[in-house]
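Source file: coords.txt. Holds: compact mmCIF, C-alpha atoms.
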```txt
# COMPACT_ATOMS: atom_id res chain seq x y z
CA MET A 36 0.00 0.00 0.00
CA LYS A 37 1.46 3.34 -1.07
CA ASP A 38 1.69 6.26 1.35
CA ILE A 39 -0.84 8.91 0.21
CA ASP A 40 1.30 11.69 1.70
CA ASP A 41 4.56 10.65 0.00
CA ILE A 42 5.29 12.62 -3.16
CA LEU A 43 6.92 9.56 -4.74
CA SER A 44 3.57 7.75 -4.65
CA TYR A 45 2.40 10.11 -7.40
CA ASN A 46 5.29 9.45 -9.75
CA TYR A 47 5.12 7.47 -12.98
CA ASN A 48 7.35 6.99 -16.02
CA LEU A 49 6.03 8.46 -19.26
CA PRO A 50 7.73 7.78 -22.60
CA PRO A 51 8.49 11.20 -24.15
CA SER A 52 6.86 10.03 -27.38
CA LEU A 53 3.46 10.15 -25.64
CA ILE A 54 3.68 13.89 -24.85
CA ALA A 55 1.40 15.57 -27.40
CA SER A 56 2.98 18.55 -29.16
CA GLU A 57 -0.19 19.45 -31.07
CA PRO A 58 -3.86 18.49 -30.83
CA ILE A 59 -5.75 15.84 -32.75
CA LEU A 60 -8.02 17.41 -35.36
CA PRO A 61 -10.95 17.42 -35.53
CA LYS A 62 -11.02 17.94 -31.78
CA GLU A 63 -13.72 15.40 -30.99
CA GLU A 64 -11.59 12.60 -32.48
CA ALA A 65 -9.29 12.73 -29.45
CA ARG A 66 -9.42 9.56 -27.38
CA LEU A 67 -11.33 9.39 -24.11
CA LEU A 68 -10.60 6.88 -21.37
CA VAL A 69 -13.81 6.36 -19.40
CA TYR A 70 -13.70 5.03 -15.86
CA LEU A 71 -17.01 3.83 -14.43
CA LYS A 72 -16.58 4.03 -10.66
CA ASP A 73 -19.55 1.87 -9.63
CA LYS A 74 -18.60 -0.94 -11.98
CA ASP A 75 -14.83 -0.43 -11.68
CA GLU A 76 -14.57 -0.62 -15.46
CA ILE A 77 -12.33 1.13 -17.97
CA HIS A 78 -13.59 1.81 -21.50
CA HIS A 79 -11.75 3.32 -24.46
CA LEU A 80 -13.88 5.73 -26.51
CA LYS A 81 -13.58 9.15 -28.15
CA PHE A 82 -14.61 12.64 -27.11
CA LYS A 83 -17.36 12.60 -29.72
CA ASN A 84 -19.07 9.97 -27.51
CA LEU A 85 -19.18 12.29 -24.49
CA ALA A 86 -22.79 13.52 -24.67
CA GLU A 87 -24.16 9.97 -24.48
CA LEU A 88 -21.92 9.15 -21.50
CA ILE A 89 -22.97 11.96 -19.16
CA PRO A 90 -25.40 10.62 -16.53
CA LYS A 91 -29.02 11.79 -16.64
CA ASP A 92 -29.90 14.96 -14.67
CA THR A 93 -26.25 16.05 -14.61
CA ALA A 94 -25.24 19.66 -15.24
CA VAL A 95 -21.96 20.45 -17.02
CA ILE A 96 -19.75 23.35 -15.91
CA PHE A 97 -17.05 24.92 -18.10
CA ASN A 98 -14.32 27.48 -17.41
CA ASP A 99 -14.67 30.42 -19.84
CA THR A 100 -11.28 31.99 -19.09
CA LYS A 101 -9.35 33.27 -22.10
CA VAL A 102 -5.63 32.67 -22.53
CA ILE A 103 -3.58 35.81 -23.13
CA LYS A 104 -0.28 35.96 -25.02
CA ALA A 105 1.55 35.96 -21.74
CA ARG A 106 5.10 35.26 -22.93
CA ILE A 107 7.16 38.22 -24.15
CA LEU A 108 10.77 38.38 -25.31
CA GLY A 109 12.99 41.40 -24.74
CA HIS A 110 16.32 42.72 -23.53
CA LYS A 111 17.83 44.04 -20.35
CA GLN A 112 19.45 47.46 -20.36
CA SER A 113 22.80 45.66 -20.50
CA GLY A 114 21.73 44.14 -23.81
CA GLY A 115 21.27 40.60 -22.57
CA ALA A 116 18.17 38.70 -23.62
CA CYS A 117 15.28 38.19 -21.19
CA GLU A 118 11.87 36.58 -21.21
CA ILE A 119 8.85 37.39 -19.08
CA MET A 120 6.04 34.95 -18.42
CA LEU A 121 3.09 36.81 -16.95
CA ASN A 122 1.44 35.03 -14.02
CA GLN A 123 -1.38 37.23 -12.73
CA PRO A 124 -2.28 40.82 -11.81
CA LEU A 125 -1.58 41.86 -8.22
CA GLY A 126 -3.59 45.09 -8.18
CA GLU A 127 -2.35 48.68 -8.36
CA ASN A 128 -0.98 47.96 -11.87
CA LYS A 129 1.47 45.41 -10.46
CA PHE A 130 1.88 41.93 -11.91
CA SER A 131 3.30 38.65 -10.74
CA CYS A 132 5.70 37.29 -13.36
CA TYR A 133 8.38 34.69 -13.95
CA ILE A 134 11.51 36.11 -15.57
CA ARG A 135 14.09 34.07 -17.46
CA GLY A 136 17.41 35.80 -17.11
CA ARG A 137 19.00 37.20 -13.96
CA VAL A 138 17.49 40.48 -12.80
CA LYS A 139 17.72 42.70 -9.75
CA GLU A 140 15.21 44.97 -8.06
CA ASN A 141 14.70 48.14 -10.12
CA SER A 142 15.99 46.44 -13.28
CA ILE A 143 14.43 47.81 -16.46
CA LEU A 144 13.52 45.40 -19.27
CA ASN A 145 12.65 46.58 -22.77
CA PHE A 146 10.28 44.98 -25.29
CA ASP A 147 8.81 45.71 -28.70
CA ASN A 148 6.33 48.55 -29.37
CA GLY A 149 7.89 50.76 -26.70
CA ILE A 150 6.86 48.49 -23.82
CA SER A 151 9.13 48.36 -20.78
CA ALA A 152 8.96 46.66 -17.40
CA LYS A 153 10.40 47.58 -14.02
CA VAL A 154 11.21 44.83 -11.53
CA LEU A 155 9.82 45.85 -8.15
CA ALA A 156 10.55 42.79 -6.00
CA LEU A 157 12.17 39.34 -6.15
CA ASN A 158 9.92 36.90 -4.31
CA SER A 159 11.04 33.73 -2.55
CA ASP A 160 8.68 31.56 -4.63
CA GLY A 161 10.52 32.51 -7.82
CA THR A 162 8.02 35.10 -9.02
CA ARG A 163 8.86 38.75 -9.58
CA ALA A 164 6.62 41.75 -8.96
CA VAL A 165 6.69 43.94 -12.06
CA LYS A 166 5.10 47.09 -13.44
CA PHE A 167 4.74 47.63 -17.18
CA TYR A 168 4.95 50.94 -19.00
CA ARG A 169 4.44 52.42 -22.43
CA SER A 170 5.94 55.85 -23.02
CA ASN A 171 6.52 56.09 -19.25
CA LEU A 172 2.82 55.56 -18.50
CA GLU A 173 1.81 52.65 -16.28
CA LEU A 174 -0.26 49.96 -17.95
CA SER A 175 -3.35 48.54 -16.31
CA ALA A 176 -4.21 44.86 -16.72
CA SER A 177 -6.63 45.51 -19.59
CA ASP A 178 -4.12 47.82 -21.32
CA LEU A 179 -1.32 45.29 -20.89
CA PHE A 180 -3.43 42.43 -22.25
CA CYS A 181 -4.10 44.52 -25.36
CA GLU A 182 -0.38 45.16 -25.84
CA LEU A 183 0.44 41.49 -25.31
CA GLU A 184 -1.86 40.57 -28.21
CA LYS A 185 0.51 42.57 -30.42
CA ILE A 186 3.91 41.52 -29.07
CA GLY A 187 3.34 38.41 -26.98
CA HIS A 188 3.55 34.69 -27.68
CA VAL A 189 1.09 31.92 -26.85
CA PRO A 190 2.32 30.58 -23.47
CA LEU A 191 2.72 26.94 -24.43
CA PRO A 192 3.53 24.65 -21.48
CA PRO A 193 7.22 23.92 -20.85
CA TYR A 194 6.88 20.27 -21.90
CA ILE A 195 5.92 21.26 -25.46
CA LYS A 196 9.40 21.55 -26.90
CA ARG A 197 8.75 23.84 -29.85
CA ALA A 198 8.11 27.49 -30.59
CA ASP A 199 4.50 28.64 -30.71
CA THR A 200 2.90 29.10 -34.11
CA LYS A 201 -0.14 30.91 -35.51
CA ASP A 202 -2.10 27.66 -35.17
CA ASP A 203 -1.59 27.68 -31.40
CA GLU A 204 -3.64 30.88 -31.14
CA SER A 205 -6.74 28.79 -31.84
CA TRP A 206 -5.52 25.38 -30.69
CA TYR A 207 -4.64 26.63 -27.19
CA GLN A 208 -7.97 28.38 -26.64
CA SER A 209 -11.41 26.95 -25.95
CA ILE A 210 -14.23 27.88 -28.35
CA PHE A 211 -16.13 29.52 -25.46
CA ALA A 212 -13.18 31.51 -24.05
CA LYS A 213 -14.51 34.92 -23.04
CA THR A 214 -12.75 36.57 -20.09
CA SER A 215 -9.06 37.38 -20.62
CA GLY A 216 -6.60 36.56 -17.87
CA ALA A 217 -5.32 32.97 -18.07
CA VAL A 218 -1.70 32.17 -18.87
CA ALA A 219 -2.45 28.48 -19.36
CA ALA A 220 -5.47 26.86 -20.95
CA PRO A 221 -8.05 24.80 -19.05
CA THR A 222 -7.04 21.93 -21.28
CA ALA A 223 -10.04 19.60 -20.91
CA SER A 224 -12.02 22.38 -22.63
CA LEU A 225 -9.82 22.30 -25.72
CA HIS A 226 -11.53 19.14 -27.00
CA PHE A 227 -14.95 20.77 -27.47
CA SER A 228 -16.41 21.75 -30.82
CA GLU A 229 -19.65 23.64 -31.40
CA ASP A 230 -21.38 20.39 -32.37
CA MET A 231 -20.30 18.73 -29.12
CA ILE A 232 -21.66 21.63 -27.06
CA ASP A 233 -24.94 21.52 -28.97
CA ASN A 234 -25.27 17.77 -28.38
CA ILE A 235 -24.70 18.16 -24.65
CA LYS A 236 -27.25 21.01 -24.45
CA LYS A 237 -29.98 18.70 -25.76
CA ASP A 238 -30.12 16.76 -22.48
CA HIS A 239 -28.01 18.66 -19.96
CA GLU A 240 -27.81 22.10 -18.41
CA ILE A 241 -24.58 23.92 -19.23
CA SER A 242 -23.11 26.61 -17.01
CA TYR A 243 -19.88 28.63 -16.85
CA LEU A 244 -17.49 30.09 -14.32
CA THR A 245 -14.14 31.86 -14.64
CA LEU A 246 -10.86 30.79 -13.11
CA HIS A 247 -7.77 32.43 -14.58
CA VAL A 248 -5.23 29.62 -14.76
CA GLY A 249 -1.82 30.81 -13.56
CA ALA A 250 1.68 29.64 -14.42
CA GLY A 251 1.77 27.96 -11.01
CA THR A 252 -0.32 25.16 -12.49
CA PHE A 253 2.92 23.76 -13.97
CA LYS A 254 4.87 24.11 -10.73
CA GLY A 255 5.62 20.70 -9.27
CA VAL A 256 5.23 19.69 -5.65
CA GLU A 257 8.75 19.97 -4.27
CA CYS A 258 8.25 18.76 -0.69
CA ASN A 259 8.46 15.07 0.22
CA ASN A 260 5.19 15.20 2.20
CA ILE A 261 2.33 16.63 0.16
CA LYS A 262 0.76 18.04 3.34
CA ASP A 263 3.62 20.58 3.39
CA HIS A 264 2.85 21.87 -0.11
CA ILE A 265 1.79 25.53 -0.38
CA MET A 266 -0.76 25.82 -3.18
CA HIS A 267 -0.57 28.61 -5.75
CA SER A 268 -3.53 31.00 -5.97
CA GLU A 269 -5.67 31.85 -8.99
CA PHE A 270 -8.42 34.44 -9.37
CA TYR A 271 -11.95 33.13 -9.88
CA ASP A 272 -15.44 34.50 -10.38
CA ILE A 273 -18.71 32.54 -10.35
CA PRO A 274 -21.86 34.10 -11.86
CA GLN A 275 -25.17 33.92 -10.03
CA ASN A 276 -26.71 31.10 -12.09
CA THR A 277 -23.67 28.88 -11.52
CA GLN A 278 -23.71 29.68 -7.81
CA GLU A 279 -27.33 28.51 -7.65
CA LEU A 280 -26.43 25.33 -9.53
CA ILE A 281 -23.64 24.52 -7.06
CA LYS A 282 -26.01 25.16 -4.14
CA SER A 283 -28.62 22.82 -5.65
CA ASP A 284 -28.68 19.04 -5.30
CA LYS A 285 -28.16 18.50 -9.02
CA LYS A 286 -25.24 16.30 -10.01
CA ILE A 287 -22.28 18.15 -11.55
CA LEU A 288 -19.71 17.20 -14.18
CA GLY A 289 -16.77 19.59 -13.96
CA VAL A 290 -14.86 20.05 -17.21
CA GLY A 291 -11.29 20.21 -15.99
CA THR A 292 -9.42 20.56 -12.73
CA THR A 293 -9.87 24.34 -12.71
CA VAL A 294 -13.66 24.02 -12.68
CA THR A 295 -13.38 21.37 -9.98
CA ARG A 296 -11.26 23.53 -7.70
CA CYS A 297 -13.60 26.49 -8.23
CA VAL A 298 -16.76 24.48 -7.52
CA GLU A 299 -15.20 23.03 -4.40
CA GLU A 300 -13.91 26.43 -3.24
CA PHE A 301 -17.41 27.86 -3.46
CA ALA A 302 -18.90 24.82 -1.72
CA ARG A 303 -16.58 25.48 1.22
CA SER A 304 -16.39 29.28 1.40
CA ASN A 305 -19.63 30.45 -0.26
CA SER A 306 -17.50 33.20 -1.77
CA ALA A 307 -18.40 33.94 -5.39
CA SER A 308 -15.08 35.54 -6.29
CA GLY A 309 -11.57 35.87 -4.96
CA PHE A 310 -8.40 33.81 -5.06
CA CYS A 311 -8.60 30.03 -5.05
CA LYS A 312 -5.79 28.23 -3.20
CA LEU A 313 -7.69 24.99 -2.71
CA PHE A 314 -5.52 21.87 -2.83
CA LEU A 315 -7.70 18.83 -3.49
CA ASN A 316 -6.11 15.50 -2.61
CA LEU A 317 -6.92 12.36 -0.65
CA ASN A 318 -6.65 14.32 2.61
CA ASN A 319 -9.08 16.94 1.23
CA PRO A 320 -11.50 15.24 -1.20
CA PRO A 321 -14.40 16.85 -3.11
CA ILE A 322 -17.57 17.58 -1.15
CA ARG A 323 -19.78 18.80 -4.03
CA GLN A 324 -18.71 17.82 -7.54
CA ASN A 325 -19.73 14.33 -8.67
CA TYR A 326 -17.93 13.67 -11.95
CA LEU A 327 -14.69 14.80 -13.58
CA LEU A 328 -13.54 15.26 -17.18
CA THR A 329 -9.84 15.98 -17.44
CA ASN A 330 -6.64 15.40 -19.42
CA PHE A 331 -3.69 13.30 -18.24
CA HIS A 332 -1.39 15.21 -15.91
CA LEU A 333 2.26 15.49 -14.96
CA PRO A 334 3.69 13.08 -12.39
CA LYS A 335 3.99 14.45 -8.84
CA SER A 336 1.67 17.36 -9.71
CA THR A 337 -1.23 18.78 -7.71
CA LEU A 338 -3.43 17.91 -10.69
CA ILE A 339 -2.83 14.18 -10.55
CA MET A 340 -3.41 14.44 -6.79
CA LEU A 341 -6.78 16.04 -7.54
CA VAL A 342 -7.65 13.02 -9.70
CA THR A 343 -6.78 10.67 -6.82
CA SER A 344 -9.23 12.57 -4.60
CA PHE A 345 -12.04 11.20 -6.81
CA ILE A 346 -10.94 7.58 -7.27
CA GLY A 347 -8.03 6.86 -4.94
CA LEU A 348 -4.29 6.58 -5.44
CA GLU A 349 -4.02 2.95 -6.53
CA LYS A 350 -6.80 3.24 -9.12
CA THR A 351 -5.39 6.50 -10.51
CA MET A 352 -1.94 5.02 -11.02
CA GLN A 353 -3.47 1.89 -12.54
CA ILE A 354 -5.47 3.98 -15.01
CA TYR A 355 -2.41 6.05 -15.93
CA GLN A 356 -0.41 2.89 -16.60
CA THR A 357 -3.27 1.61 -18.75
CA ALA A 358 -3.25 4.88 -20.69
CA ILE A 359 0.50 4.53 -21.23
CA ASN A 360 0.14 0.91 -22.36
CA GLU A 361 -2.66 1.95 -24.76
CA LYS A 362 -0.50 4.82 -26.05
CA TYR A 363 -2.83 7.65 -25.11
CA ARG A 364 -1.45 11.15 -25.80
CA PHE A 365 -0.62 13.05 -22.59
CA TYR A 366 -0.81 16.61 -21.24
CA SER A 367 -2.30 19.80 -22.67
CA TYR A 368 -2.75 18.77 -26.31
CA GLY A 369 -3.38 15.14 -25.43
CA ASP A 370 -6.30 12.82 -24.85
CA GLY A 371 -8.55 12.79 -21.80
CA MET A 372 -10.33 10.75 -19.19
CA LEU A 373 -13.85 10.82 -17.82
CA ILE A 374 -14.64 9.69 -14.27
CA ILE A 375 -18.33 8.93 -13.79
```

Could you render the structure as structure tokens?
Amino acid sequence: MKDIDDILSYNYNLPPSLIASEPILPKEEARLLVYLKDKDEIHHLKFKNLAELIPKDTAVIFNDTKVIKARILGHKQSGGACEIMLNQPLGENKFSCYIRGRVKENSILNFDNGISAKVLALNSDGTRAVKFYRSNLELSASDLFCELEKIGHVPLPPYIKRADTKDDESWYQSIFAKTSGAVAAPTASLHFSEDMIDNIKKDHEISYLTLHVGAGTFKGVECNNIKDHIMHSEFYDIPQNTQELIKSDKKILGVGTTVTRCVEEFARSNSASGFCKLFLNLNNPPIRQNYLLTNFHLPKSTLIMLVTSFIGLEKTMQIYQTAINEKYRFYSYGDGMLII
């Protein structure tokens, strides 16, 4: 029996050839591993089968966050190259960022279109507090997002070992993305086409919430005991109709780990907006959401730990090994799994 608090219990070996570097097209042709909890059965289907798999009287919740072009390339005043990966706004026109290239407090970084950044603080978690300027005027979040559309790059995950292309602007964005602010996609949502949404709407209520996925989603758990892990925070907002759905006794299928964390945050705090730091794992399992649709996640990540909170550690690792044996495609552009 594996120790549920030991980080090594969440490790597995993935052949690099199974890391998807681009999506399957059309989207609904991606493979879908279906785990039926009550029957303890695994089935191998496709995303186009999803509508017929969702249990009766189940509502489906999506995350409508929109990925911004959060990665920008520039130069330090010394001339050396630098790269900023935006994480999230901090208020007062300050932003949390990751910076590749050594910088000091008060360093000035220069980018295209007259955009510059001043480093305000070097934080112990590896992030940097930064303000952005154009022509010496501070940029607000909305202004910065507009500028990033012109000079930024799609923030592909670090395990996709290629430069972003024009195709990624649509590939790495859900068809219902609406509210700008994410620096990583809620990847379970990437599989959905308009036809799939229409098919689900025939028999199921669909609702939306917003959780702006931060770069911390790729940050591994570095402590040996997962109870010592400090979870990253991400801004969320839940509209009134989705709040009422969560408060009801209707069964819920959450599309992705971001929806799951948001639903569970609201179920605990009753707060419709704020910063979600909820770490779901076997010590802190779901209390509201019934079913989960998700992609396959990195070893030793908080996301695979979230999956275990639905079906247990042994079953999760068994399913992942099955997916490897069956040559499923992993991570953001990969295939998915449905737990019902």

Separation of CA of Gly161 (chain A) from CA of Thr293 (chain A), in Å and rounded to one decimal: 22.5 Å

Option closest in space to Thr337 (chain A), from A:Ala302, A:Ile119, A:Met352, A:Val256 [counting all atoms listed in the file]: A:Val256

Separation of CA of Asn276 (chain A) from CA of Asp233 (chain A), in Å and rounded to one decimal: 19.5 Å

Please tell me which residues are no farther than 12 Å from (-28.0, 16.8, -22.9) in the file, counting all atoms listed in the file, and write them as a PDB file with C-alpha atoms, in the frame of the given file.
```
ATOM      1  CA  LEU A  85     -19.180  12.290 -24.490  1.00  0.00           C
ATOM      2  CA  ALA A  86     -22.790  13.520 -24.670  1.00  0.00           C
ATOM      3  CA  GLU A  87     -24.160   9.970 -24.480  1.00  0.00           C
ATOM      4  CA  LEU A  88     -21.920   9.150 -21.500  1.00  0.00           C
ATOM      5  CA  ILE A  89     -22.970  11.960 -19.160  1.00  0.00           C
ATOM      6  CA  PRO A  90     -25.400  10.620 -16.530  1.00  0.00           C
ATOM      7  CA  LYS A  91     -29.020  11.790 -16.640  1.00  0.00           C
ATOM      8  CA  ASP A  92     -29.900  14.960 -14.670  1.00  0.00           C
ATOM      9  CA  THR A  93     -26.250  16.050 -14.610  1.00  0.00           C
ATOM     10  CA  ALA A  94     -25.240  19.660 -15.240  1.00  0.00           C
ATOM     11  CA  VAL A  95     -21.960  20.450 -17.020  1.00  0.00           C
ATOM     12  CA  MET A 231     -20.300  18.730 -29.120  1.00  0.00           C
ATOM     13  CA  ILE A 232     -21.660  21.630 -27.060  1.00  0.00           C
ATOM     14  CA  ASP A 233     -24.940  21.520 -28.970  1.00  0.00           C
ATOM     15  CA  ASN A 234     -25.270  17.770 -28.380  1.00  0.00           C
ATOM     16  CA  ILE A 235     -24.700  18.160 -24.650  1.00  0.00           C
ATOM     17  CA  LYS A 236     -27.250  21.010 -24.450  1.00  0.00           C
ATOM     18  CA  LYS A 237     -29.980  18.700 -25.760  1.00  0.00           C
ATOM     19  CA  ASP A 238     -30.120  16.760 -22.480  1.00  0.00           C
ATOM     20  CA  HIS A 239     -28.010  18.660 -19.960  1.00  0.00           C
ATOM     21  CA  GLU A 240     -27.810  22.100 -18.410  1.00  0.00           C
ATOM     22  CA  ILE A 241     -24.580  23.920 -19.230  1.00  0.00           C
TER      23      ILE A 241
END
```

Nearby residues, (-18.3, 27.2, -1.2) file frame, 12 Å, only C-alpha atoms, as an MDAnalysis selection string: chainID A and resid 273 277:282 295:309 311 313 321:324

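In this comparison, which uses all atoms listed in the file, the residue of A:Ile186, A:Leu348, A:Leu60, A:Ile210 approaching Met36 (chain A) most closely is A:Leu348.
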
Nearest-residue call for Lys335 (chain A), choices A:Glu361, A:Glu257, A:Asp99, A:Asp272, using only C-alpha atoms: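 Closest residue, counting only C-alpha atoms: A:Glu257.
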
Listed atoms of region 304-317 of chain A boxed along x, y and z, 8 Å each side, centre and edge lengths in Å, one decimal, as lines of an AutoDock Vina configuration file:
```
center_x = -12.6
center_y = 24.1
center_z = -2.4
size_x = 30.1
size_y = 39.5
size_z = 23.7
```

Separation of CA of Lys153 (chain A) from CA of Lys196 (chain A), in Å and rounded to one decimal: 29.1 Å

9 Å contact set for Arg135 (chain A), only C-alpha atoms, chain neighbours under 4 positions out, as a list in words: Ala116, Cys117, Glu118, Ile119 and Met120 of chain A

From A:Tyr45, A:Phe331, A:Phe146, A:Tyr133, residue lying nearest Asp160 (chain A) [all atoms listed in the file]: A:Tyr133

Closest of A:Phe211, A:Tyr194, A:Phe97, A:Phe314 to Thr329 (chain A) - atom-to-atom distances counting all atoms listed in the file: A:Phe97

7 Å contact set for Tyr207 (chain A), all atoms listed in the file, chain neighbours under 2 positions out, as a list in words: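 Contacts, with the query itself left out: Asp203, Glu204, Ser205, Ser209, Ala220 and Leu225 of chain A.
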
A:Glu229, A:Ile265, A:Gly371, A:Thr357 ranked by distance to Thr292 (chain A), top pick (using all atoms listed in the file): A:Gly371

Residue contacts of Tyr355 (chain A) (10 Å, only C-alpha atoms) excluding same-chain residues fewer than 4 positions away, as a PyMOL selection string: chain A and resi 47-49+68+331-332+334+339+350-351+359-361+363+365+372
